[in-house]
Amino acid sequence: AAAPIIRAFGFAAHGGASVALVGPNGSGKSTLLQTIAGVWPAAGGEVALGGRSIFAWRSDDRGRHIGYA
């Protein structure tokens, strides 16, 4: 898209937390989750896991800590 789907924001979840992401179809939920999981790079800012960029983790290592269905 010409414009970002998701506006800039900040968020933190602590170990053991469960988070639900809800919204209408086409609102960017899957895109956000894929960015958090390291599938897509963020267009701006950074996604971090344990204080390190998500891309500093090997994919099999971060897979043990991040999942979505």
# chains A, B, ... in the order shown; residues from 1 in each chain; ligands from 1
>>> select_by_dssp(residues="region 22-67 of chain A", states="alpha helix (DSSP H)", output="VMD selection string")
chain A and resid 29 to 36 59 to 62
>>> select_by_dssp(residues="chain A", states="strand (DSSP E or B)", output="list in words")
Ala48, Leu49, Arg52 and Ser53 of chain A
>>> residues_around(residues="Gly63 (chain A)", least_positions_apart="6", cutoff="12 Å", atoms="only C-alpha atoms", output="PyMOL selection string")
chain A and resi 34+36-39+49+54-55+57
>>> write_last_selection(atoms="N, CA and C atoms", output="PDB file, in the first residue's frame")
ATOM      1  N   GLN A  34       2.906 -10.976  12.042  1.00  0.00           N
ATOM      2  CA  GLN A  34       4.032 -11.458  11.244  1.00  0.00           C
ATOM      3  C   GLN A  34       5.266 -10.575  11.435  1.00  0.00           C
ATOM      4  N   ILE A  36       5.925  -8.894  14.269  1.00  0.00           N
ATOM      5  CA  ILE A  36       6.401  -9.230  15.608  1.00  0.00           C
ATOM      6  C   ILE A  36       7.178 -10.548  15.588  1.00  0.00           C
ATOM      7  N   ALA A  37       6.708 -11.511  14.804  1.00  0.00           N
ATOM      8  CA  ALA A  37       7.365 -12.817  14.721  1.00  0.00           C
ATOM      9  C   ALA A  37       8.640 -12.780  13.881  1.00  0.00           C
ATOM     10  N   GLY A  38       8.903 -11.679  13.199  1.00  0.00           N
ATOM     11  CA  GLY A  38      10.116 -11.567  12.398  1.00  0.00           C
ATOM     12  C   GLY A  38       9.977 -12.056  10.978  1.00  0.00           C
ATOM     13  N   VAL A  39       8.740 -12.298  10.530  1.00  0.00           N
ATOM     14  CA  VAL A  39       8.514 -12.727   9.150  1.00  0.00           C
ATOM     15  C   VAL A  39       8.737 -11.563   8.191  1.00  0.00           C
ATOM     16  N   LEU A  49      12.933  -8.601  21.174  1.00  0.00           N
ATOM     17  CA  LEU A  49      12.634  -9.718  22.050  1.00  0.00           C
ATOM     18  C   LEU A  49      13.782  -9.831  23.025  1.00  0.00           C
ATOM     19  N   ILE A  54      14.534  -8.365  16.877  1.00  0.00           N
ATOM     20  CA  ILE A  54      13.996  -9.674  16.524  1.00  0.00           C
ATOM     21  C   ILE A  54      14.876 -10.364  15.478  1.00  0.00           C
ATOM     22  N   PHE A  55      15.543  -9.588  14.645  1.00  0.00           N
ATOM     23  CA  PHE A  55      16.380 -10.163  13.598  1.00  0.00           C
ATOM     24  C   PHE A  55      17.764 -10.560  14.102  1.00  0.00           C
ATOM     25  N   TRP A  57      18.007 -12.588  16.590  1.00  0.00           N
ATOM     26  CA  TRP A  57      17.750 -13.959  17.025  1.00  0.00           C
ATOM     27  C   TRP A  57      17.734 -14.894  15.820  1.00  0.00           C
TER      28      TRP A  57
END
>>> closest_residue(among="A:Arg62, A:Ala3, A:Leu33, A:Ala48", to="Ala20 (chain A)", atoms="only C-alpha atoms")
A:Leu33
>>> closest_residue(among="A:Gly50, A:Ile6, A:Ala56, A:Asp61", to="Gly28 (chain A)", atoms="only C-alpha atoms")
A:Ile6
